[in-house]
>>> print(open('coords05.txt').read())   # compact mmCIF, C-alpha atoms
# COMPACT_ATOMS: atom_id res chain seq x y z
CA MET A 1 26.69 119.27 20.34
CA LYS A 2 30.08 120.34 21.66
CA SER A 3 28.70 120.70 25.22
CA VAL A 4 27.26 117.16 25.04
CA GLN A 5 30.65 115.83 23.97
CA LEU A 6 32.39 117.72 26.80
CA LEU A 7 29.84 116.40 29.29
CA ALA A 8 30.36 112.84 28.02
CA LEU A 9 34.14 113.27 28.24
CA ALA A 10 33.89 114.61 31.80
CA PHE A 11 31.66 111.68 32.78
CA LEU A 12 34.11 109.20 31.23
CA ILE A 13 37.08 110.74 33.04
CA SER A 14 35.26 110.73 36.40
CA THR A 15 34.13 107.12 35.86
CA LEU A 16 37.66 105.99 35.00
CA THR A 17 39.05 107.86 38.01
CA PHE A 18 36.46 106.22 40.30
CA ALA A 19 37.19 102.78 38.82
CA GLN A 20 40.94 103.29 39.32
CA GLU A 21 40.38 104.38 42.94
CA PHE A 22 38.15 101.36 43.59
CA LYS A 23 40.65 99.03 41.94
CA ASN A 24 43.33 100.22 44.35
CA THR A 25 41.13 99.67 47.42
CA GLN A 26 39.60 96.25 46.92
CA LYS A 27 40.69 93.08 48.63
CA VAL A 28 39.44 89.52 48.75
CA TYR A 29 39.64 87.57 52.01
CA LEU A 30 39.99 83.94 50.99
CA GLY A 31 39.25 80.91 53.09
CA VAL A 32 38.74 77.21 52.49
CA GLY A 33 34.98 77.36 53.10
CA VAL A 34 32.04 79.71 52.75
CA ASP A 35 32.74 83.07 54.41
CA GLN A 36 30.20 85.90 54.38
CA PHE A 37 30.17 89.44 55.72
CA TYR A 38 26.82 91.06 56.47
CA ASN A 39 27.80 94.42 57.96
CA CYS A 40 30.71 96.74 58.66
CA LYS A 41 31.29 99.71 60.95
CA LEU A 42 33.92 102.41 61.16
CA LEU A 43 35.50 102.44 64.64
CA LYS A 44 36.73 105.49 66.57
CA SER A 45 40.30 104.32 65.91
CA GLY A 46 39.74 104.65 62.15
CA ASN A 47 39.80 100.87 61.71
CA ILE A 48 36.87 98.97 60.22
CA ILE A 49 35.12 95.97 61.78
CA LEU A 50 33.33 93.50 59.49
CA VAL A 51 30.87 90.92 60.82
CA GLY A 52 29.29 87.81 59.40
CA ARG A 53 29.94 84.08 59.51
CA THR A 54 32.81 81.83 58.58
CA ASP A 55 33.18 78.26 57.48
CA SER A 56 36.96 78.64 57.14
CA HIS A 57 38.08 80.06 60.48
CA ARG A 58 36.28 77.79 62.92
CA ASN A 59 36.48 78.18 66.66
CA GLY A 60 37.68 74.75 67.83
CA GLY A 61 37.90 73.04 64.43
CA HIS A 62 34.31 71.71 64.38
CA GLN A 63 32.29 71.26 61.17
CA ASN A 64 29.83 74.14 61.55
CA LYS A 65 29.91 77.87 60.90
CA ASP A 66 30.88 80.45 63.53
CA GLY A 67 30.21 84.14 63.85
CA TRP A 68 33.15 86.05 62.40
CA ALA A 69 34.66 89.42 63.23
CA LEU A 70 37.43 90.82 61.05
CA MET A 71 39.15 94.10 61.90
CA ILE A 72 40.99 95.86 59.08
CA ASP A 73 42.79 99.17 58.72
CA SER A 74 42.02 101.85 56.13
CA SER A 75 44.37 100.12 53.66
CA LEU A 76 42.32 96.90 54.09
CA ASN A 77 45.11 95.06 55.91
CA THR A 78 43.91 92.48 58.43
CA LEU A 79 44.55 93.54 62.02
CA LEU A 80 42.48 90.96 63.93
CA SER A 81 40.30 88.01 62.99
CA LYS A 82 38.15 86.02 65.38
CA ALA A 83 35.66 83.17 65.00
CA ILE A 84 33.16 83.19 67.85
CA GLY A 85 30.50 80.60 68.59
CA GLY A 86 29.67 77.15 69.77
CA VAL A 87 30.42 73.78 68.27
CA SER A 88 27.11 72.32 67.20
CA LYS A 89 25.38 74.57 64.63
CA THR A 90 25.61 77.79 62.65
CA ASP A 91 26.38 81.07 64.42
CA ARG A 92 26.41 84.46 62.69
CA PHE A 93 26.64 88.17 63.44
CA TRP A 94 24.44 90.69 61.66
CA ASP A 95 25.51 93.88 63.42
CA VAL A 96 28.16 95.37 65.69
CA LYS A 97 28.36 98.54 67.78
CA GLU A 98 31.28 100.16 69.58
CA LYS A 99 30.86 101.18 73.21
CA PRO A 100 32.42 104.44 74.51
CA SER A 101 35.08 102.25 76.20
CA GLY A 102 36.11 100.79 72.83
CA ASP A 103 34.57 97.41 73.64
CA LEU A 104 32.44 95.87 70.89
CA VAL A 105 28.93 94.39 71.06
CA PHE A 106 27.91 91.93 68.33
CA VAL A 107 24.39 90.69 67.65
CA GLY A 108 23.09 87.86 65.50
CA SER A 109 21.94 84.30 65.99
CA SER A 110 23.30 81.01 67.23
CA GLY A 111 22.12 77.43 66.98
CA SER A 112 24.85 76.22 69.32
CA PHE A 113 23.35 76.99 72.72
CA GLY A 114 19.85 75.47 72.76
CA GLY A 115 16.75 75.88 70.66
CA SER A 116 16.87 75.76 66.90
CA GLU A 117 18.49 79.19 66.68
CA ASN A 118 18.44 81.94 69.30
CA ILE A 119 19.41 85.59 69.46
CA TYR A 120 23.12 85.79 70.24
CA VAL A 121 24.80 88.86 71.79
CA VAL A 122 28.56 88.88 72.36
CA GLN A 123 30.69 91.53 74.06
CA THR A 124 34.43 91.68 73.40
CA ASP A 125 37.21 94.08 74.22
CA SER A 126 38.77 96.11 71.41
CA ASN A 127 41.12 93.18 70.61
CA LEU A 128 38.15 90.79 70.11
CA ASN A 129 38.75 88.93 73.38
CA LEU A 130 35.46 87.56 74.68
CA ARG A 131 34.01 89.33 77.73
CA ASP A 132 30.41 88.03 77.84
CA SER A 133 27.81 86.32 75.70
CA TYR A 134 24.02 86.15 76.00
CA ASN A 135 21.28 84.10 74.36
CA TYR A 136 17.63 85.09 74.10
CA GLY A 137 14.83 82.97 72.74
CA GLU A 138 12.60 79.97 73.05
CA LEU A 139 12.38 76.66 71.22
CA GLY A 140 11.74 78.18 67.80
CA TYR A 141 13.94 80.34 65.62
CA GLU A 142 15.02 83.80 66.78
CA SER A 143 17.57 86.17 65.30
CA ALA A 144 18.47 89.83 65.85
CA TYR A 145 19.65 92.12 63.09
CA ASP A 146 20.29 95.46 64.79
CA ILE A 147 21.37 96.57 68.24
CA GLU A 148 21.45 100.02 69.80
CA LEU A 149 23.48 100.74 72.90
CA GLN A 150 21.83 102.64 75.75
CA ASN A 151 23.44 105.27 77.99
CA ASN A 152 23.01 102.98 81.02
CA GLY A 153 25.24 100.27 79.47
CA GLY A 154 22.36 98.12 78.32
CA TRP A 155 20.98 97.64 74.82
CA THR A 156 17.87 97.34 72.71
CA LEU A 157 17.84 94.92 69.82
CA ILE A 158 15.35 94.04 67.11
CA GLY A 159 14.89 90.86 65.17
CA ASP A 160 12.40 88.19 64.35
CA THR A 161 11.02 85.03 65.91
CA ARG A 162 9.21 81.94 64.73
CA SER A 163 8.57 80.67 68.26
CA THR A 164 4.90 79.75 68.54
CA TYR A 165 3.38 82.40 70.75
CA LYS A 166 0.00 81.42 69.25
CA LYS A 167 -0.71 77.79 68.49
CA GLY A 168 0.02 76.98 64.89
CA ASN A 169 1.65 80.33 64.09
CA SER A 170 4.90 79.63 62.26
CA GLN A 171 5.24 83.05 60.64
CA ASN A 172 8.04 85.45 61.44
CA ASN A 173 7.09 87.95 64.10
CA LEU A 174 8.92 91.04 65.33
CA VAL A 175 10.90 90.66 68.54
CA ILE A 176 12.36 93.52 70.59
CA VAL A 177 14.63 92.83 73.54
CA ARG A 178 15.75 95.49 76.00
CA ALA A 179 18.46 94.40 78.42
CA ASP A 180 20.38 96.03 81.26
CA SER A 181 24.18 96.24 81.39
CA CYS A 182 24.32 92.64 82.73
CA GLY A 183 22.30 91.30 79.80
CA ARG A 184 19.14 90.73 81.82
CA PRO A 185 15.93 91.45 79.86
CA LEU A 186 14.02 94.44 81.21
>>> encode(input="coords05.txt", output="structure tokens")
Amino acid sequence: MKSVQLLALAFLISTLTFAQEFKNTQKVYLGVGVDQFYNCKLLKSGNIILVGRTDSHRNGGHQNKDGWALMIDSSLNTLLSKAIGGVSKTDRFWDVKEKPSGDLVFVGSSGSFGGSENIYVVQTDSNLNLRDSYNYGELGYESAYDIELQNNGGWTLIGDTRSTYKKGNSQNNLVIVRADSCGRPL
């Protein structure tokens, strides 16, 4: 009985310690609209990059959502914040990877550049300044959720599509895109 009580006490102490540590490391990033993060990555610098979409920090002040990148330090202080996207529909980022140079590659979807929603790949420098952007897709819906960088500077991404490759097929289908360092599909 005494060992059970000691075990329960040890569990309680560790739980309270964990809760206290978590309490000291949480932060809410408030905006005036709907803001969502879908993924985060630890960068070589020790900073953290969060990706998602924002309704509060719009690029150009339009009424639609943009992809959002937020860079924070290990104390959760905001270092950089950038809304990236077009002006007509919803844009979002699902994933981000860091290149050996420190540049960042974001992947997600955009409805701002033709089609209902297409795969959207954005490259920025380490300060979130836009270098390049690419769109892949047809007239239906396409989105990418993961991207892997290749040694040759290109990438491979996976996602889904509802473009009608077969007449009448409106189901989600797997899409894989391999591109060279200039964004051209291979």
>>> atom_distance(input="coords05.txt", atom1="CA of Leu149 (chain A)", atom2="CA of Asp55 (chain A)")
28.9 Å
>>> closest_residue(input="coords05.txt", among="A:Asn47, A:Asn151, A:Asn135, A:Thr156", to="Ile119 (chain A)", atoms="all atoms listed in the file")
A:Asn135
>>> closest_residue(input="coords05.txt", among="A:Met71, A:Ile84, A:Val177, A:Leu104", to="Gln123 (chain A)", atoms="only C-alpha atoms")
A:Leu104
>>> residues_around(input="coords05.txt", residues="Tyr136 (chain A)", least_positions_apart="4", cutoff="8 Å", atoms="only C-alpha atoms", output="ChimeraX atom specification")
/A:118-120,142
>>> residues_near_point(input="coords05.txt", point="(15.8, 89.6, 63.9)", cutoff="10 Å", atoms="all atoms listed in the file", output="VMD selection string")
chain A and resid 94 107 to 109 118 to 119 141 to 147 157 to 161 172 to 176
>>> residues_near_point(input="coords05.txt", point="(25.8, 78.5, 59.1)", cutoff="6 Å", atoms="only C-alpha atoms", output="list in words")
Lys65, Thr90 and Asp91 of chain A
>>> residues_around(input="coords05.txt", residues="Gly52 (chain A)", least_positions_apart="5", cutoff="9 Å", atoms="all atoms listed in the file", output="list of chain:residue names")
A:Asp35, A:Gln36, A:Phe37, A:Tyr38, A:Asn39, A:Asp66, A:Gly67, A:Trp68, A:Ala69, A:Leu70, A:Asp91, A:Arg92, A:Phe93, A:Trp94, A:Asp95, A:Gly108
>>> residues_around(input="coords05.txt", residues="Ile48 (chain A)", least_positions_apart="6", cutoff="7 Å", atoms="all atoms listed in the file", output="PyMOL selection string")
chain A and resi 40-42+71-73
>>> atom_distance(input="coords05.txt", atom1="CA of Ser112 (chain A)", atom2="CA of Leu79 (chain A)")
27.2 Å
>>> residues_around(input="coords05.txt", residues="Ser126 (chain A)", least_positions_apart="3", cutoff="9 Å", atoms="all atoms listed in the file", output="MDAnalysis selection string")
chainID A and resid 98 101:104 129
>>> write_last_selection(input="coords05.txt", atoms="C-alpha atoms", output="PDB file, in the frame of the given file")
ATOM      1  CA  GLU A  98      31.280 100.160  69.580  1.00  0.00           C
ATOM      2  CA  SER A 101      35.080 102.250  76.200  1.00  0.00           C
ATOM      3  CA  GLY A 102      36.110 100.790  72.830  1.00  0.00           C
ATOM      4  CA  ASP A 103      34.570  97.410  73.640  1.00  0.00           C
ATOM      5  CA  LEU A 104      32.440  95.870  70.890  1.00  0.00           C
ATOM      6  CA  ASN A 129      38.750  88.930  73.380  1.00  0.00           C
TER       7      ASN A 129
END
>>> atom_distance(input="coords05.txt", atom1="CA of Gly86 (chain A)", atom2="CA of Phe106 (chain A)")
15.0 Å
>>> closest_residue(input="coords05.txt", among="A:Gly46, A:Gly183, A:Gly33, A:Pro100", to="Ser75 (chain A)", atoms="only C-alpha atoms")
A:Gly46
>>> closest_residue(input="coords05.txt", among="A:Leu128, A:Val51, A:Leu139, A:Val34", to="Leu80 (chain A)", atoms="all atoms listed in the file")
A:Leu128
>>> closest_residue(input="coords05.txt", among="A:Lys99, A:Leu186, A:Val121, A:Leu130", to="Gly153 (chain A)", atoms="only C-alpha atoms")
A:Lys99
